[in-house]
$ cat my_file.tsv   # TSV, C-alpha atoms
chain	number	residue	atom	x	y	z
A	4	MET	CA	11.52	76.12	21.48
A	5	LYS	CA	13.53	78.64	23.36
A	6	ILE	CA	15.73	75.86	24.62
A	7	ILE	CA	19.16	77.44	24.32
A	8	TYR	CA	18.53	80.29	26.72
A	9	HIS	CA	15.53	78.88	28.56
A	10	LEU	CA	17.37	75.73	29.54
A	11	LEU	CA	20.04	77.81	31.22
A	12	SER	CA	17.33	79.88	32.88
A	13	ILE	CA	15.57	76.80	34.19
A	14	ILE	CA	18.77	75.27	35.49
A	15	LEU	CA	19.72	78.48	37.25
A	16	LEU	CA	16.26	78.94	38.71
A	17	CYS	CA	16.07	75.32	39.86
A	18	ILE	CA	19.34	75.74	41.67
A	19	ALA	CA	18.24	79.03	43.17
A	20	PHE	CA	14.77	77.91	44.23
A	21	GLY	CA	15.19	74.50	45.65
A	22	ALA	CA	18.19	72.35	44.84
A	23	GLN	CA	20.08	73.43	47.93
A	24	ASP	CA	18.21	74.75	50.98
A	25	SER	CA	20.98	77.06	52.18
A	26	PHE	CA	21.50	78.48	48.69
A	27	ALA	CA	17.76	78.92	48.08
A	28	GLN	CA	17.45	80.99	51.24
A	29	ASP	CA	19.93	83.59	50.07
A	30	VAL	CA	17.69	86.25	48.54
A	31	ASN	CA	20.55	88.18	47.00
A	32	LYS	CA	21.75	85.14	45.05
A	33	LYS	CA	18.21	84.46	43.84
A	34	GLN	CA	17.92	88.01	42.58
A	35	LYS	CA	21.26	87.79	40.78
A	36	LEU	CA	20.30	84.50	39.13
A	37	GLN	CA	16.93	85.89	38.12
A	38	ALA	CA	18.68	88.88	36.55
A	39	ILE	CA	20.95	86.53	34.58
A	40	ALA	CA	17.93	84.51	33.42
A	41	ASN	CA	16.17	87.73	32.39
A	42	ASP	CA	19.24	88.86	30.43
A	43	TYR	CA	19.37	85.54	28.56
A	44	GLU	CA	15.66	85.77	27.81
A	45	ILE	CA	16.06	89.26	26.35
A	46	ARG	CA	19.07	88.16	24.30
A	47	TRP	CA	17.17	85.15	22.97
A	48	GLN	CA	14.15	87.28	22.07
A	49	GLU	CA	16.34	89.72	20.14
A	50	GLU	CA	18.32	87.01	18.32
A	51	HIS	CA	15.20	85.05	17.49
A	52	ALA	CA	13.34	88.10	16.17
A	53	GLU	CA	16.29	88.85	13.91
A	54	ALA	CA	16.41	85.20	12.80
A	55	VAL	CA	12.71	85.27	11.90
A	56	ARG	CA	13.24	88.45	9.89
A	57	MET	CA	16.22	86.96	8.05
A	58	ALA	CA	14.49	83.62	7.43
A	59	ASN	CA	11.48	85.36	5.92
A	60	GLU	CA	13.81	87.46	3.80
A	61	VAL	CA	15.67	84.48	2.33
A	62	GLY	CA	12.72	82.06	2.33
A	63	ILE	CA	13.85	79.35	4.75
A	64	PRO	CA	11.47	77.61	7.16
A	65	LEU	CA	11.12	78.68	10.78
A	66	ARG	CA	9.94	75.22	11.78
A	67	LYS	CA	9.65	71.87	10.07
A	68	GLU	CA	8.29	68.52	11.22
A	69	PHE	CA	9.60	65.47	9.37
A	70	SER	CA	7.74	62.22	8.71
A	71	ASN	CA	9.76	60.43	11.41
A	72	GLY	CA	8.54	62.94	14.05
A	73	THR	CA	11.77	64.93	14.21
A	74	ILE	CA	11.17	68.66	14.50
A	75	ILE	CA	13.60	71.45	13.72
A	76	GLU	CA	13.02	75.05	14.70
A	77	LEU	CA	15.08	78.10	13.82
A	78	GLN	CA	16.71	79.77	16.81
A	79	LYS	CA	19.13	82.32	15.40
A	80	PHE	CA	21.73	83.01	12.74
A	81	GLU	CA	25.46	82.67	13.44
A	82	ASP	CA	27.98	83.93	10.90
A	83	GLY	CA	25.17	84.16	8.37
A	84	LEU	CA	24.09	80.52	8.84
A	85	PRO	CA	20.77	79.44	10.37
A	86	ILE	CA	20.98	77.60	13.68
A	87	TYR	CA	18.16	75.12	14.24
A	88	LEU	CA	17.35	73.06	17.29
A	89	LYS	CA	16.37	69.46	16.62
A	90	THR	CA	14.33	67.10	18.76
A	91	HIS	CA	15.75	63.67	19.57
A	92	ASN	CA	14.20	60.43	20.82
A	93	ARG	CA	15.51	57.21	19.35
A	94	ASP	CA	13.30	54.17	19.67
A	95	GLY	CA	12.04	55.01	23.13
A	96	ALA	CA	12.17	52.96	26.26
A	97	GLU	CA	13.26	49.69	24.68
A	98	ALA	CA	16.30	51.12	22.96
A	99	SER	CA	17.39	52.88	26.15
A	100	SER	CA	16.55	49.79	28.23
A	101	THR	CA	14.46	51.91	30.59
A	102	ASN	CA	11.77	49.26	30.21
A	103	GLU	CA	13.99	47.08	32.39
A	104	LEU	CA	13.21	49.40	35.30
A	105	TYR	CA	9.47	48.70	35.13
A	106	PRO	CA	7.65	46.02	37.12
A	107	GLY	CA	8.55	42.69	35.54
A	108	GLY	CA	11.81	44.06	34.12
A	109	VAL	CA	14.91	41.89	34.44
A	110	LEU	CA	16.50	44.33	36.90
A	111	GLY	CA	13.82	43.56	39.48
A	112	LEU	CA	13.49	47.22	40.46
A	113	ASN	CA	9.72	47.42	39.83
A	114	LEU	CA	9.71	51.19	39.37
A	115	THR	CA	6.38	52.70	38.36
A	116	GLY	CA	6.98	56.43	38.80
A	117	SER	CA	3.51	56.70	40.32
A	118	THR	CA	4.60	59.35	42.81
A	119	GLN	CA	6.82	61.33	40.45
A	120	THR	CA	6.30	64.46	38.39
A	121	LEU	CA	8.25	64.54	35.14
A	122	GLY	CA	8.79	67.33	32.65
A	123	VAL	CA	9.21	67.25	28.89
A	124	TRP	CA	10.39	70.28	26.97
A	125	ASP	CA	10.06	69.47	23.32
A	126	GLY	CA	8.93	70.65	19.91
A	127	GLY	CA	5.35	71.51	20.79
A	128	LYS	CA	2.16	70.45	22.55
A	129	VAL	CA	1.70	66.90	23.80
A	130	ARG	CA	-1.50	65.18	22.63
A	131	ASP	CA	-2.84	64.83	26.15
A	132	THR	CA	-5.86	62.84	24.95
A	133	HIS	CA	-3.63	59.90	23.96
A	134	GLN	CA	-4.99	56.65	25.42
A	135	GLU	CA	-1.70	55.87	27.17
A	136	PHE	CA	-1.70	59.02	29.28
A	137	GLY	CA	-4.94	58.58	31.21
A	138	GLY	CA	-5.28	62.27	32.04
A	139	ARG	CA	-1.76	62.46	33.48
A	140	VAL	CA	-0.50	65.24	31.18
A	141	THR	CA	-0.53	68.94	32.04
A	142	GLN	CA	0.74	71.34	29.39
A	143	GLN	CA	2.68	74.03	31.26
A	144	ASP	CA	4.39	76.17	28.62
A	145	GLY	CA	1.41	77.29	26.58
A	146	ALA	CA	2.49	75.43	23.42
A	147	THR	CA	-0.38	75.24	20.93
A	148	ASP	CA	1.13	73.35	17.97
A	149	LEU	CA	0.52	69.63	18.47
A	150	SER	CA	3.78	67.68	18.21
A	151	ASP	CA	3.99	63.99	17.39
A	152	HIS	CA	7.53	64.01	18.76
A	153	ALA	CA	6.58	65.60	22.08
A	154	THR	CA	3.76	63.07	22.37
A	155	HIS	CA	6.16	60.23	21.57
A	156	VAL	CA	8.74	61.39	24.13
A	157	SER	CA	6.01	61.82	26.74
A	158	GLY	CA	4.80	58.34	25.93
A	159	THR	CA	8.30	56.99	26.50
A	160	MET	CA	8.27	58.66	29.90
A	161	ILE	CA	4.75	58.02	31.19
A	162	ALA	CA	2.76	55.65	28.98
A	163	SER	CA	0.86	52.93	30.73
A	164	TRP	CA	3.02	49.83	31.08
A	165	CYS	CA	0.22	47.36	31.89
$ encode --input "my_file.tsv" --output "structure tokens"
Amino acid sequence: MKIIYHLLSIILLCIAFGAQDSFAQDVNKKQKLQAIANDYEIRWQEEHAEAVRMANEVGIPLRKEFSNGTIIELQKFEDGLPIYLKTHNRDGAEASSTNELYPGGVLGLNLTGSTQTLGVWDGGKVRDTHQEFGGRVTQQDGATDLSDHATHVSGTMIASWC
């Protein structure tokens, strides 16, 4: 999970490559944003490598998955303290009332998302063989560690509603 610096990189690249047509056409701005993204990537790589070294030295985990599906992963050290990222997804679609958007929901919006592409950036690989996904999952980031949490979040987003 290189979320701290990668998220900024993705946001910057999304802006540069498509959010605004006039902005996306300015090659110089694209190059500047790409350079910023590259700088953040290098900084993250350096900080993370140092964090791995320090964690191994003091015997703390790099990654841990809890029984409730929450995953933490070491990112860096700040002022001698480990900084972990933590996944979040509380009770899925019902708790967030997104189920009210679906066909039959009380809002009457009848949204299916059938023409949409969604992205999940989470604590690992989505179990794409899950019965609810029906072959609609494509792993893009090369993650290899299967994550119950990433699968759960993906299920919240795209599981079959029928």
$ residues_around --input "my_file.tsv" --residues "Lys67 in chain A" --least-positions-apart "4" --cutoff "12 Å" --atoms "only C-alpha atoms" --output "VMD selection string"
chain A and resid 63 71 to 77 87 to 90 126 to 127 148 150 152
$ atom_distance --input "my_file.tsv" --atom1 "CA of Gly138 in chain A" --atom2 "CA of Glu103 in chain A"
24.5 Å
$ atom_distance --input "my_file.tsv" --atom1 "CA of Ala52 in chain A" --atom2 "CA of Lys79 in chain A"
8.2 Å
$ closest_residue --input "my_file.tsv" --among "A:Lys35, A:His155, A:Arg46, A:His51" --to "Arg130 in chain A" --atoms "only C-alpha atoms"
A:His155
$ residues_near_point --input "my_file.tsv" --point "(19.0, 86.0, 5.1)" --cutoff "12 Å" --atoms "only C-alpha atoms" --output "ChimeraX atom specification"
/A:53-64,79-85
$ write_last_selection --input "my_file.tsv" --atoms "C-alpha atoms" --output "tab-separated table (two decimals), in the coordinates of the input"
chain	number	residue	atom	x	y	z
A	53	GLU	CA	16.29	88.85	13.91
A	54	ALA	CA	16.41	85.20	12.80
A	55	VAL	CA	12.71	85.27	11.90
A	56	ARG	CA	13.24	88.45	9.89
A	57	MET	CA	16.22	86.96	8.05
A	58	ALA	CA	14.49	83.62	7.43
A	59	ASN	CA	11.48	85.36	5.92
A	60	GLU	CA	13.81	87.46	3.80
A	61	VAL	CA	15.67	84.48	2.33
A	62	GLY	CA	12.72	82.06	2.33
A	63	ILE	CA	13.85	79.35	4.75
A	64	PRO	CA	11.47	77.61	7.16
A	79	LYS	CA	19.13	82.32	15.40
A	80	PHE	CA	21.73	83.01	12.74
A	81	GLU	CA	25.46	82.67	13.44
A	82	ASP	CA	27.98	83.93	10.90
A	83	GLY	CA	25.17	84.16	8.37
A	84	LEU	CA	24.09	80.52	8.84
A	85	PRO	CA	20.77	79.44	10.37
$ build_atoms --input "my_file.tsv" --residues "range 133-151 of chain A" --atoms "N, CA, C and O atoms" --output "short mmCIF file (atom, residue, chain, number, x, y, z; two decimals), in the frame of the given file"
data_model
loop_
_atom_site.label_atom_id
_atom_site.label_comp_id
_atom_site.auth_asym_id
_atom_site.auth_seq_id
_atom_site.Cartn_x
_atom_site.Cartn_y
_atom_site.Cartn_z
N HIS A 133 -4.13 61.22 24.35
CA HIS A 133 -3.63 59.90 23.96
C HIS A 133 -4.05 58.87 25.00
O HIS A 133 -3.98 59.11 26.21
N GLN A 134 -4.47 57.70 24.54
CA GLN A 134 -4.99 56.65 25.42
C GLN A 134 -3.99 56.19 26.48
O GLN A 134 -4.39 55.71 27.54
N GLU A 135 -2.71 56.34 26.22
CA GLU A 135 -1.70 55.87 27.17
C GLU A 135 -1.49 56.82 28.35
O GLU A 135 -0.86 56.44 29.33
N PHE A 136 -2.02 58.04 28.25
CA PHE A 136 -1.70 59.02 29.28
C PHE A 136 -2.73 59.06 30.42
O PHE A 136 -2.40 59.49 31.52
N GLY A 137 -3.93 58.66 30.15
CA GLY A 137 -4.94 58.58 31.21
C GLY A 137 -5.11 59.85 32.01
O GLY A 137 -5.26 59.81 33.22
N GLY A 138 -5.08 61.00 31.34
CA GLY A 138 -5.28 62.27 32.04
C GLY A 138 -4.10 62.71 32.89
O GLY A 138 -4.24 63.59 33.74
N ARG A 139 -2.94 62.14 32.66
CA ARG A 139 -1.76 62.46 33.48
C ARG A 139 -0.84 63.49 32.86
O ARG A 139 0.29 63.64 33.28
N VAL A 140 -1.32 64.24 31.84
CA VAL A 140 -0.50 65.24 31.18
C VAL A 140 -1.05 66.62 31.47
O VAL A 140 -2.25 66.86 31.37
N THR A 141 -0.18 67.53 31.86
CA THR A 141 -0.53 68.94 32.04
C THR A 141 0.43 69.77 31.21
O THR A 141 1.64 69.72 31.44
N GLN A 142 -0.10 70.49 30.24
CA GLN A 142 0.74 71.34 29.39
C GLN A 142 1.03 72.62 30.17
O GLN A 142 0.13 73.35 30.53
N GLN A 143 2.31 72.90 30.42
CA GLN A 143 2.68 74.03 31.26
C GLN A 143 3.15 75.25 30.48
O GLN A 143 3.03 76.36 30.97
N ASP A 144 3.71 75.05 29.29
CA ASP A 144 4.39 76.17 28.62
C ASP A 144 3.53 76.93 27.63
O ASP A 144 4.01 77.83 26.97
N GLY A 145 2.28 76.57 27.49
CA GLY A 145 1.41 77.29 26.58
C GLY A 145 1.57 76.93 25.12
O GLY A 145 1.03 77.60 24.25
N ALA A 146 2.33 75.85 24.81
CA ALA A 146 2.49 75.43 23.42
C ALA A 146 1.13 75.10 22.83
O ALA A 146 0.27 74.50 23.49
N THR A 147 0.90 75.49 21.58
CA THR A 147 -0.38 75.24 20.93
C THR A 147 -0.27 74.33 19.72
O THR A 147 -1.26 73.74 19.30
N ASP A 148 0.93 74.22 19.13
CA ASP A 148 1.13 73.35 17.97
C ASP A 148 1.34 71.92 18.45
O ASP A 148 2.32 71.63 19.14
N LEU A 149 0.42 71.03 18.09
CA LEU A 149 0.52 69.63 18.47
C LEU A 149 1.78 69.02 17.86
O LEU A 149 2.08 69.23 16.69
N SER A 150 2.52 68.28 18.66
CA SER A 150 3.78 67.68 18.21
C SER A 150 3.75 66.18 18.40
O SER A 150 3.63 65.69 19.53
N ASP A 151 3.88 65.44 17.29
CA ASP A 151 3.99 63.99 17.39
C ASP A 151 5.21 63.60 18.21
O ASP A 151 5.17 62.65 19.00
#
